[in-house]
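S.K.: My structure is below; once you've seen it, I'll send some questions.
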Amino acid sequence: MAGWVQMVLFLLWCVFLSESSAEVLEFPTDTRINNVVQDPATGRVYLGAVNTIYQLDAFLKLEARAETGPKKDARTCTPPVSACTTADLKDTNNINKLLLVHHTNGSLIVCGSVYKGICSLLNLSNVNQEIYYSDTKGERTYAASTDENISVVGVMATFLLKENPDKKTFPVFLIAKAHGGPEDNPKLIATRILENYKEWVVFESIVEASPVQVFPHGLKYQHQFRFAFKDSDYIYFLFSRTRDESDNKNFTFLSRLCERDESYYSYTELQLNCSRNGVQYNKVQAAYVTEPGKELARAMLDSGQYGTVSVWDKVLFIVASPDGEDATDSALCMYPLKRINERVEDILNACYTDYGKIGGRAAVYSFCILALYIQCSGCSNKCGAEFLRYPLASRPQFALQAEAVFSRQGRGHLTAVAVAVENDHTIAFLGSSVGEVVKVSFINEDLFPDVEVASREFDFYNCAAAIRKTVYFLFNEILKAPFVRSQAKNCPRFENPDPVLIPVGFKTRISFEGVNLGAYKVSCDTPQDANEIFVFLSSVTLYNCSLGREDCSLCKNADPKYQCVWCARTRSCVFEKLCTTDEAQECPDPGISAIIPRYGPILGGISVTIKGSNLGIQKEDIKSITVAGVPCTQQEEKYSVSTSVVCEIGAVENLKPFKGLVEVEVKGGKKGTSSVYFNYRDPKPEAVHPNRGPRAGGTVITITGTNLDTGSKEDVVITVDGVPCPLCVDCQCLDSVICFSGGRQITVIGSGFALIQRASIRVQVADEWSGLKTRTTAEVCIHSLLLCTCSSVQGRGFSKAMTAKEALAFVGDVSCNVNTLQDDKLFLDPPSTTPSSRSKRQRRDIATEPLDLLIKFGHGEWVVGSVHYERKYEVKLDKIIIPAVVVPMLLIIAISIVCYRRKSQQAEREYEKVKHQLENLEESVRDRCKKEFTDLMIEMEDHTNDLSEGRIPFLDYKTYTDRVFFLPSKDGANDVMITGKLDIPESRKAIVAQALNQFSNLLNSKTFLITFIRTLEARPDFNARAKVYCASLLTVALHGKLEYYTDIMRTLLLGLMEEYVQSKNPKLMLQQVYKRMCLHCFFICLQDSAGEPLYKLFRAIKHQIEKGPVDAQVKKAKYTLNDTGLLGDDVEYSMLTLQVLVQGEGPDITPVKVLDCDTISQVKEKIIEQVYKNLPYSQRPKVESVTLEWRPGSTGQILSDLDVTSQKEGRWRRLNTLAHYNVRDNATLVLSRLMHTQQSYYQNHDNHEERNALLEDDKVFHLVRPADELDEMKSKRGSIKDKSMTKAITEIYLTRLLSVKGTLQQFVDDFFRSVLCSGTEVPPAVKYFFDFLDEQALKHDNVDEETIHIWKTNSLPLRFWVNILKNPHFIFDVHVTEVVDASLSVIAQTFMDACTKSEHKLSRDSPSNKLLYAKEISSYKKMVDEYYKGIRVMVPVSDQDMNTHLAEVSRAHTDKLNTQVALHQLYQYASKYYKEIVLSLDEDPAAQSKQLTFRLQQIAAALENKVTDL
């Protein structure tokens, strides 16, 4: 809208100057106009619109046009577009950003939003002729913004190079824009040349001044440029911006710089304030510069507010609005350019001569200090200098004030202004955001709105409601009660209006009959008090002819009583007396706007709806219809007046597809033709899926083929063998059917179940499954009971009918554990003690009678055999007759045979069990991987949606640096750098602050800092921890000057490199120094590089681990990547869905998935994570600060990890789980916050005796109870073979590692690709440093490719990525548990192995973690090599670009860090090694010349009263 209003103002200004009294000239465009410019030499007008440039003559007649879009482009594409990936390209509108007239070579400068904002030169005489365009010159020619919402301004100028011996001036243009995102070019203000000169090319930026140009400046202050102009030798930019990122309020600024300033040393900003009656109009919208005219100049002079103003002085007119998106108020303010220049020069003089003060008050800001503060008394250099401060900005107290000369409230804020002078009088045209144009005349000291284009609003009231309300007010004093409805007949009123129908927009006289007027006086004057209006009218009907009658036919079809006619002049339906010309006797030709459908079969026979205008008044008006030249029979019953005709198309003669236009002929021979084609096509079904279904019907079939979208849904008739098949909309397919048969739940998994509306399953039992046999084995032991060590049941079809968990076995009345289930065998573990019989008969004598072995499955039971438990008979001594010699021999032989058979059979059974488990595991691992990966991908969709909405919980920069630099320190989270608290007495704080500032200045001396670092490193007691901590402190202390920090690091590296290369051991070069400063540099520069793939990997690992049991005590899990963290026991568990209500946070219930084996604390963690998933971890309530209450009925029960109901096993006490409390699926739990932190169950237990009982000699376990002393004694009795067999079975669970690895593989691969993909944009710091290493390697003969590879690996992957991968909480606001950390360590180790050159030889003895990713290591190694090679061939990053990037980081984050604390901690090292540092400084001539020792002594004396030589 703003661009359109700007054009209207420009056209009004042109018409005003031409002194034409004719109607306003206009020129319509197809797309939105962005910029307008006029060539004063020829009067031509040029319009920059979306996708088009228009060239108009002085009377707004089109002379030429140039199409500029749409173009195939992508935000991430770097021109030329031919080098970009085709899949990323799409049609993109080219929004015109800048139009400038370049008279020198007769060209028009045109800059658009596509191709990174590259500009072109068009011929001023014919814009369709392109003079210059190039998209191959790279980033240096990217001028405009690619963001649609970023405004761009520019101005023509000339440029003189001081180093040019010919003193040649170059035509240039200055362009200013805000920052539009990472794909936008980073320059805030740029001077761009318009011809090739030496290494410069057309449109290249030839002035480099990073403090003004780099985009961090724009990000911090959020510029919105509105106007640019040149006057005398100065260039001016008008814009609004914030004062800094902490204050979002906008203010208006005018910046000035010298036209021929080579480095923008003269750049100075002046704040402009515009106000009226206490209202501040801070946000500039538009501006105009011109001479004021005689009358206005005199008025400004007489007012005394503008200083001396003459007719020849220029005045800046601006329109501004209050800050805020919804602001609709606006004002017009004036600023004489002479007064602006005077104030700017006052600021310059204050900075150069009086330390930036005017009248003793600070008047100047300085965004960045590029030189020492040098006084320049008598300086007359208005264009600045390198040794002077720049850039500069006025403080708010010294802003240039102006009182608004015109303001208005509401109705859209002003967005454009143009000013003209006629007969010494000044007129301003103001445009608003709602399309209004206001003309303002300046007369003497006042402003009078002479002409205002606006609309007025009329209020219509409900008369009945008004009567009741107003009569009550009028007669209240008489009746002393509200006026009741029955008295309405006595109200004064007018009735029987004539006429009743009143057209809108036409003044009509209405006559009424007065009723109950009595003595009331009727006056036509509007009373001052609106409440005194008490005469009410009967209702009349207001109507608008144009409403619902958009074309001529609809207008002529209107009821004659409305007297509506089609007015040819206005081309609208109006009341007959409002049309000043004769009524149109005939309507225009028909217009066709839509054809539904646009595709039809070649045989015809379908209905086509033709929508449009002027399609007749009645159905008889339609004379003929042809569709693609084929006659179409009208269906008269579906005719709609003027707007719609329906006809049935005929068949094509040659039965071949073709297309053509639609034509409708109406009464009078008028014809209308469509602009789109109707296509005759031949639909061909080719395939049907599925190709069979139940006879009962209900099967959803999919028909594929070509041209099946011919016609509409109503035209399609489908039959299957003569049976109608209706089209199915929103059909859904089921994946499974669940039923219950014989007491067993049967899940049938497949596809196509949507074909069946009512599913039923019939299960038929085959005879071959019914046979059951049993075989029991028993051996004699030296116990009083004969124990059955293992029992096997033989039969057929077991595994087909049940699983091991579903089968139940009983010996007598005691259940047996079903150990293994095969197709023909069941392996059981019978009771260790003699059970009781299930029948009364057998209970009489269990010593002799066998016990029934019962197998139960579902509702079926089978007695498959019996088990004997025999007692050892006691034999009296007097009955022993066996010879003393024979008995021992027979006994020994019998025992030997029995034990041998027992061991053999036991070994055979164990072997069969292990073999069967291995076979099942081998097959199930593959299925489990696929299933769990599918489940993980489905459940990770919610996390992916959160990521697309920007919900990755990144840490803020301060917390990020604290965790990276200082969390690993010995004090951890209590480190003074994290807390920011220094123990300094209040009386010394000012002295300490001043001394620390001096110490900061001392650190900025390269000589001192290099000496300081080398002195500390040379000390033997300066250990590795101290080196890391000192490097962290230096990083924070020098964060404001990262360019300087990087230079120091580069100097140290060069010295260290020479030392290691000469020592013939260059491969170890980076291992020490990068633990100090280089690592921190990468942490600073690569903060934003670790994003979505790493977070997804972390979430996937966490989600997969929590799907299975996690032992809260031993920190082991069923699903993990780390073999040492693998839960070696097969814990039974089931998934529960809890309905959680958070007390005090509304009635919403959140479903949460948990396991019944989870401890209460684990359940709390999962609930908190689900309920507060949109909050980062640090803002969520902690587990110990909430309670969990289960409400199974009317009463509630508080759940806790330990209480008096906790199960106890010997000296061990089990943590409570949901299964312990018998919490069921879909149970309702209430989460409540505590008023104070509850650390544990014991701290808040009221019963001290009960608490002591829980604590006394008890050990706590969760899922797996460690072996106690008794267990250890028992284990010592076991045979070596038993122990080895137990270990072998434990190792079987290692296959779970493969399952978890397969499930997480895609997320691991995605992370590796994101880190090691050189095809994407590599951070400048990485490219810059790798090029530095390559450059230094070329200078030394003994540095080979392997050494360079090691240097790069030790610098980036092993120091940064491995650190971040193992500690995602360094980047994200998350909590990393020990179990998750164990799996991340495996992936980190894999990453480290992939980055090394050495080959890893694996064997059966290699750790499981190494074997897990052995297959992928080779492909990962190739990725690393390709990554290094890809970076090497990229475009180099210059020192200037790197410094610009570092300056950006410094400005964005330095003020968030504890710089003073870092300086204080650094000084502790200076104090500790004070003598050594002073001795090193005294030995350095450079340090002596700069008096560095003296400055250090001053600081020491101030900070700690240290005795010095002062």
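Every chain in the structure tokens has a letter given in the order shown (A, B, ...), and although residue numbers restart at 1 in each chain, ligands are simply numbered from 1 in the order shown.
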List the spatial neighbours of range 664-679 of chain A as a PyMOL selection string - criterion: any atom at most 10 Å away, only C-alpha atoms, same-chain residues fewer than 2 positions off excluded.
M.R.: chain A and resi 586-602+608+610-628+632+645+657-662+681-682+710
S.K.: Kindly export the residues of the current selection with N, CA and C atoms, as a short mmCIF file (atom, residue, chain, number, x, y, z; two decimals), in the first residue's frame.
M.R.:
data_model
loop_
_atom_site.label_atom_id
_atom_site.label_comp_id
_atom_site.auth_asym_id
_atom_site.auth_seq_id
_atom_site.Cartn_x
_atom_site.Cartn_y
_atom_site.Cartn_z
N GLU A 586 -27.84 -1.43 -24.63
CA GLU A 586 -27.39 -2.81 -24.75
C GLU A 586 -26.23 -3.06 -23.79
N CYS A 587 -26.20 -4.28 -23.29
CA CYS A 587 -25.13 -4.65 -22.36
C CYS A 587 -23.86 -5.01 -23.13
N PRO A 588 -22.71 -4.94 -22.47
CA PRO A 588 -21.45 -5.32 -23.12
C PRO A 588 -21.47 -6.80 -23.49
N ASP A 589 -20.43 -7.18 -24.24
CA ASP A 589 -20.30 -8.58 -24.63
C ASP A 589 -20.18 -9.46 -23.39
N PRO A 590 -20.63 -10.70 -23.48
CA PRO A 590 -20.48 -11.62 -22.33
C PRO A 590 -19.01 -11.84 -21.99
N GLY A 591 -18.78 -12.06 -20.72
CA GLY A 591 -17.43 -12.40 -20.26
C GLY A 591 -17.45 -13.74 -19.58
N ILE A 592 -16.45 -14.56 -19.85
CA ILE A 592 -16.35 -15.91 -19.28
C ILE A 592 -15.15 -15.93 -18.33
N SER A 593 -15.42 -16.23 -17.08
CA SER A 593 -14.35 -16.23 -16.07
C SER A 593 -13.92 -17.61 -15.64
N ALA A 594 -14.78 -18.62 -15.77
CA ALA A 594 -14.41 -19.97 -15.31
C ALA A 594 -15.18 -21.02 -16.10
N ILE A 595 -14.54 -22.18 -16.26
CA ILE A 595 -15.16 -23.35 -16.90
C ILE A 595 -14.98 -24.53 -15.95
N ILE A 596 -16.08 -25.16 -15.57
CA ILE A 596 -16.03 -26.26 -14.61
C ILE A 596 -16.81 -27.44 -15.19
N PRO A 597 -16.19 -28.59 -15.41
CA PRO A 597 -14.74 -28.84 -15.34
C PRO A 597 -14.06 -28.36 -16.61
N ARG A 598 -12.71 -28.41 -16.62
CA ARG A 598 -11.96 -27.98 -17.79
C ARG A 598 -11.54 -29.16 -18.66
N TYR A 599 -11.88 -30.38 -18.21
CA TYR A 599 -11.52 -31.56 -18.98
C TYR A 599 -12.77 -32.41 -19.18
N GLY A 600 -12.95 -32.92 -20.41
CA GLY A 600 -14.10 -33.76 -20.71
C GLY A 600 -13.74 -34.89 -21.63
N PRO A 601 -14.55 -35.95 -21.64
CA PRO A 601 -14.24 -37.10 -22.50
C PRO A 601 -14.55 -36.80 -23.96
N ILE A 602 -13.84 -37.46 -24.85
CA ILE A 602 -14.01 -37.20 -26.29
C ILE A 602 -15.38 -37.66 -26.78
N VAL A 608 -21.10 -29.11 -18.44
CA VAL A 608 -20.05 -28.12 -18.24
C VAL A 608 -20.71 -26.83 -17.75
N ILE A 610 -20.45 -22.90 -17.17
CA ILE A 610 -19.71 -21.73 -17.66
C ILE A 610 -20.11 -20.55 -16.80
N LYS A 611 -19.14 -19.99 -16.05
CA LYS A 611 -19.39 -18.85 -15.17
C LYS A 611 -18.82 -17.60 -15.80
N GLY A 612 -19.49 -16.47 -15.57
CA GLY A 612 -19.01 -15.21 -16.12
C GLY A 612 -19.97 -14.08 -15.82
N SER A 613 -20.04 -13.13 -16.73
CA SER A 613 -20.89 -11.95 -16.55
C SER A 613 -21.59 -11.63 -17.87
N ASN A 614 -22.74 -10.93 -17.75
CA ASN A 614 -23.52 -10.52 -18.93
C ASN A 614 -23.91 -11.72 -19.80
N LEU A 615 -24.24 -12.82 -19.15
CA LEU A 615 -24.66 -14.02 -19.87
C LEU A 615 -26.19 -14.04 -20.04
N GLY A 616 -26.74 -12.91 -20.37
CA GLY A 616 -28.19 -12.84 -20.62
C GLY A 616 -28.99 -12.56 -19.37
N ILE A 617 -30.26 -12.19 -19.60
CA ILE A 617 -31.16 -11.90 -18.49
C ILE A 617 -32.09 -13.08 -18.24
N GLN A 618 -32.42 -13.82 -19.28
CA GLN A 618 -33.25 -15.00 -19.13
C GLN A 618 -32.65 -16.10 -20.01
N LYS A 619 -33.09 -17.35 -19.75
CA LYS A 619 -32.48 -18.48 -20.42
C LYS A 619 -32.66 -18.43 -21.93
N GLU A 620 -33.73 -17.78 -22.37
CA GLU A 620 -33.96 -17.69 -23.81
C GLU A 620 -32.92 -16.81 -24.51
N ASP A 621 -32.21 -15.97 -23.72
CA ASP A 621 -31.21 -15.08 -24.32
C ASP A 621 -29.99 -15.84 -24.82
N ILE A 622 -29.78 -17.06 -24.34
CA ILE A 622 -28.62 -17.85 -24.77
C ILE A 622 -28.96 -18.47 -26.13
N LYS A 623 -28.25 -18.04 -27.16
CA LYS A 623 -28.54 -18.50 -28.51
C LYS A 623 -27.72 -19.72 -28.90
N SER A 624 -26.46 -19.76 -28.53
CA SER A 624 -25.63 -20.91 -28.88
C SER A 624 -24.44 -20.99 -27.94
N ILE A 625 -23.97 -22.23 -27.76
CA ILE A 625 -22.77 -22.47 -26.93
C ILE A 625 -21.91 -23.49 -27.67
N THR A 626 -20.63 -23.18 -27.80
CA THR A 626 -19.68 -24.14 -28.38
C THR A 626 -18.52 -24.32 -27.41
N VAL A 627 -18.10 -25.56 -27.23
CA VAL A 627 -16.97 -25.90 -26.36
C VAL A 627 -15.90 -26.53 -27.24
N ALA A 628 -14.82 -25.81 -27.43
CA ALA A 628 -13.73 -26.25 -28.31
C ALA A 628 -14.26 -26.51 -29.71
N CYS A 632 -22.67 -27.38 -27.73
CA CYS A 632 -22.95 -27.79 -26.35
C CYS A 632 -24.42 -27.44 -26.07
N VAL A 645 -24.16 -20.54 -16.94
CA VAL A 645 -24.86 -21.32 -17.96
C VAL A 645 -24.33 -22.75 -17.89
N PRO A 657 -8.10 -36.61 -28.85
CA PRO A 657 -8.01 -35.51 -27.87
C PRO A 657 -7.55 -34.21 -28.54
N PHE A 658 -8.12 -33.11 -28.11
CA PHE A 658 -7.66 -31.79 -28.53
C PHE A 658 -8.26 -30.78 -27.56
N LYS A 659 -7.89 -29.50 -27.76
CA LYS A 659 -8.36 -28.45 -26.86
C LYS A 659 -8.82 -27.25 -27.67
N GLY A 660 -9.65 -26.43 -27.04
CA GLY A 660 -10.15 -25.24 -27.70
C GLY A 660 -10.85 -24.33 -26.72
N LEU A 661 -11.25 -23.13 -27.19
CA LEU A 661 -11.89 -22.14 -26.33
C LEU A 661 -13.39 -22.38 -26.26
N VAL A 662 -14.00 -21.80 -25.24
CA VAL A 662 -15.45 -21.88 -25.05
C VAL A 662 -16.06 -20.57 -25.51
N ARG A 681 -10.30 -35.13 -23.63
CA ARG A 681 -9.30 -36.16 -23.35
C ARG A 681 -9.95 -37.53 -23.36
N ASP A 682 -9.11 -38.54 -23.46
CA ASP A 682 -9.60 -39.91 -23.49
C ASP A 682 -9.12 -40.62 -22.23
N THR A 710 -10.79 -36.52 -15.69
CA THR A 710 -11.66 -35.93 -16.71
C THR A 710 -13.07 -35.83 -16.16
#
S.K.: Mind checking DSSP for range 540-766 of chain A and telling me the strand (DSSP E) residues as a count of residues only?
M.R.: 86
S.K.: Select, from A:Ile855, A:Leu1384, A:Leu1155, A:Met1442, the residue with the minimum atom-to-atom distance to Asp1047 in chain A, counting only C-alpha atoms.
M.R.: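 The closest residue to Asp1047 in chain A is A:Met1442.
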S.K.: I'd like to know which of A:Thr68, A:Ser1489, A:Thr1353, A:Thr979 is closest to Gly48 in chain A, using only C-alpha atoms.
M.R.: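 Of A:Thr68, A:Ser1489, A:Thr1353, A:Thr979, the one nearest Gly48 in chain A is A:Thr68, counting only C-alpha atoms.
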S.K.: From the DSSP assignment of the backbone, select every residue of range 990-1190 of chain A that is alpha helix (DSSP H), and format the answer as a VMD selection string.
M.R.: chain A and resid 990 to 1003 1006 to 1018 1024 to 1037 1042 to 1062 1070 to 1073 1079 to 1085 1092 to 1106 1160 to 1171
S.K.: Could you write out that same residue set with C-alpha atoms as an mmCIF file, in the first residue's frame?
M.R.:
data_model
loop_
_atom_site.group_PDB
_atom_site.id
_atom_site.type_symbol
_atom_site.label_atom_id
_atom_site.label_comp_id
_atom_site.auth_asym_id
_atom_site.auth_seq_id
_atom_site.Cartn_x
_atom_site.Cartn_y
_atom_site.Cartn_z
ATOM 1 C CA ALA A 990 35.176 1.592 42.569
ATOM 2 C CA ILE A 991 38.982 1.286 42.886
ATOM 3 C CA VAL A 992 38.922 -2.371 41.818
ATOM 4 C CA ALA A 993 36.695 -1.620 38.814
ATOM 5 C CA GLN A 994 39.042 1.131 37.666
ATOM 6 C CA ALA A 995 42.086 -1.090 38.116
ATOM 7 C CA LEU A 996 40.456 -3.939 36.218
ATOM 8 C CA ASN A 997 39.752 -1.590 33.325
ATOM 9 C CA GLN A 998 43.455 -0.711 33.316
ATOM 10 C CA PHE A 999 44.291 -4.422 33.394
ATOM 11 C CA SER A 1000 41.970 -4.917 30.394
ATOM 12 C CA ASN A 1001 43.876 -2.219 28.517
ATOM 13 C CA LEU A 1002 47.110 -3.972 29.453
ATOM 14 C CA LEU A 1003 45.839 -7.278 28.063
ATOM 15 C CA LYS A 1006 50.016 -7.830 22.255
ATOM 16 C CA THR A 1007 53.506 -7.686 23.722
ATOM 17 C CA PHE A 1008 52.228 -8.013 27.273
ATOM 18 C CA LEU A 1009 49.694 -10.755 26.513
ATOM 19 C CA ILE A 1010 52.194 -12.940 24.617
ATOM 20 C CA THR A 1011 54.710 -12.541 27.444
ATOM 21 C CA PHE A 1012 52.002 -13.228 30.038
ATOM 22 C CA ILE A 1013 50.894 -16.491 28.364
ATOM 23 C CA ARG A 1014 54.405 -17.810 27.697
ATOM 24 C CA THR A 1015 55.528 -17.011 31.233
ATOM 25 C CA LEU A 1016 52.610 -18.948 32.709
ATOM 26 C CA GLU A 1017 53.137 -21.937 30.422
ATOM 27 C CA ALA A 1018 56.796 -22.083 31.376
ATOM 28 C CA ALA A 1024 46.744 -28.702 32.614
ATOM 29 C CA ARG A 1025 43.633 -27.706 34.609
ATOM 30 C CA ALA A 1026 45.079 -24.241 35.204
ATOM 31 C CA LYS A 1027 45.895 -23.871 31.498
ATOM 32 C CA VAL A 1028 42.333 -24.710 30.463
ATOM 33 C CA TYR A 1029 40.837 -22.381 33.069
ATOM 34 C CA CYS A 1030 43.197 -19.537 32.177
ATOM 35 C CA ALA A 1031 42.352 -19.920 28.472
ATOM 36 C CA SER A 1032 38.644 -19.729 29.343
ATOM 37 C CA LEU A 1033 39.190 -16.536 31.299
ATOM 38 C CA LEU A 1034 41.166 -15.000 28.430
ATOM 39 C CA THR A 1035 38.368 -15.872 26.010
ATOM 40 C CA VAL A 1036 35.795 -14.028 28.104
ATOM 41 C CA ALA A 1037 38.055 -11.101 28.915
ATOM 42 C CA LEU A 1042 37.816 -11.418 19.035
ATOM 43 C CA GLU A 1043 39.827 -10.154 16.068
ATOM 44 C CA TYR A 1044 42.654 -9.350 18.486
ATOM 45 C CA TYR A 1045 42.129 -12.653 20.319
ATOM 46 C CA THR A 1046 42.447 -14.557 17.022
ATOM 47 C CA ASP A 1047 45.602 -12.645 16.135
ATOM 48 C CA ILE A 1048 47.159 -13.633 19.470
ATOM 49 C CA MET A 1049 46.195 -17.253 18.904
ATOM 50 C CA ARG A 1050 47.658 -17.154 15.384
ATOM 51 C CA THR A 1051 50.942 -15.780 16.708
ATOM 52 C CA LEU A 1052 51.143 -18.486 19.376
ATOM 53 C CA LEU A 1053 50.348 -21.172 16.810
ATOM 54 C CA LEU A 1054 53.056 -20.005 14.425
ATOM 55 C CA GLY A 1055 55.650 -20.165 17.186
ATOM 56 C CA LEU A 1056 54.435 -23.527 18.397
ATOM 57 C CA MET A 1057 54.355 -24.877 14.843
ATOM 58 C CA GLU A 1058 58.009 -23.948 14.278
ATOM 59 C CA GLU A 1059 58.946 -25.629 17.551
ATOM 60 C CA TYR A 1060 57.204 -28.931 16.790
ATOM 61 C CA VAL A 1061 58.190 -29.074 13.122
ATOM 62 C CA GLN A 1062 61.846 -28.521 13.952
ATOM 63 C CA LEU A 1070 47.901 -29.123 18.211
ATOM 64 C CA GLN A 1071 47.305 -31.425 21.108
ATOM 65 C CA GLN A 1072 48.318 -28.953 23.815
ATOM 66 C CA VAL A 1073 47.454 -25.484 22.583
ATOM 67 C CA LEU A 1079 39.124 -24.905 21.290
ATOM 68 C CA HIS A 1080 37.318 -21.927 22.822
ATOM 69 C CA CYS A 1081 37.540 -20.043 19.553
ATOM 70 C CA PHE A 1082 35.731 -22.884 17.800
ATOM 71 C CA PHE A 1083 33.153 -23.055 20.578
ATOM 72 C CA ILE A 1084 32.420 -19.360 20.040
ATOM 73 C CA CYS A 1085 32.326 -19.440 16.233
ATOM 74 C CA GLU A 1092 18.559 -30.069 14.640
ATOM 75 C CA PRO A 1093 20.421 -33.348 13.729
ATOM 76 C CA LEU A 1094 22.203 -33.455 17.095
ATOM 77 C CA TYR A 1095 19.007 -32.690 18.991
ATOM 78 C CA LYS A 1096 17.106 -35.349 17.044
ATOM 79 C CA LEU A 1097 19.827 -37.893 17.807
ATOM 80 C CA PHE A 1098 19.703 -37.045 21.510
ATOM 81 C CA ARG A 1099 15.900 -37.260 21.577
ATOM 82 C CA ALA A 1100 15.909 -40.555 19.660
ATOM 83 C CA ILE A 1101 18.415 -42.155 22.059
ATOM 84 C CA LYS A 1102 16.499 -40.928 25.090
ATOM 85 C CA HIS A 1103 13.185 -42.101 23.659
ATOM 86 C CA GLN A 1104 14.533 -45.545 22.744
ATOM 87 C CA ILE A 1105 16.097 -46.069 26.166
ATOM 88 C CA GLU A 1106 12.915 -45.088 27.984
ATOM 89 C CA ILE A 1160 7.773 -43.294 41.118
ATOM 90 C CA SER A 1161 10.610 -40.832 40.437
ATOM 91 C CA GLN A 1162 10.948 -42.194 36.899
ATOM 92 C CA VAL A 1163 7.211 -41.797 36.398
ATOM 93 C CA LYS A 1164 7.414 -38.212 37.644
ATOM 94 C CA GLU A 1165 10.221 -37.484 35.180
ATOM 95 C CA LYS A 1166 8.209 -38.821 32.236
ATOM 96 C CA ILE A 1167 5.097 -36.903 33.339
ATOM 97 C CA ILE A 1168 7.011 -33.639 33.746
ATOM 98 C CA GLU A 1169 8.657 -34.088 30.357
ATOM 99 C CA GLN A 1170 5.320 -34.664 28.619
ATOM 100 C CA VAL A 1171 3.288 -32.008 30.458
#
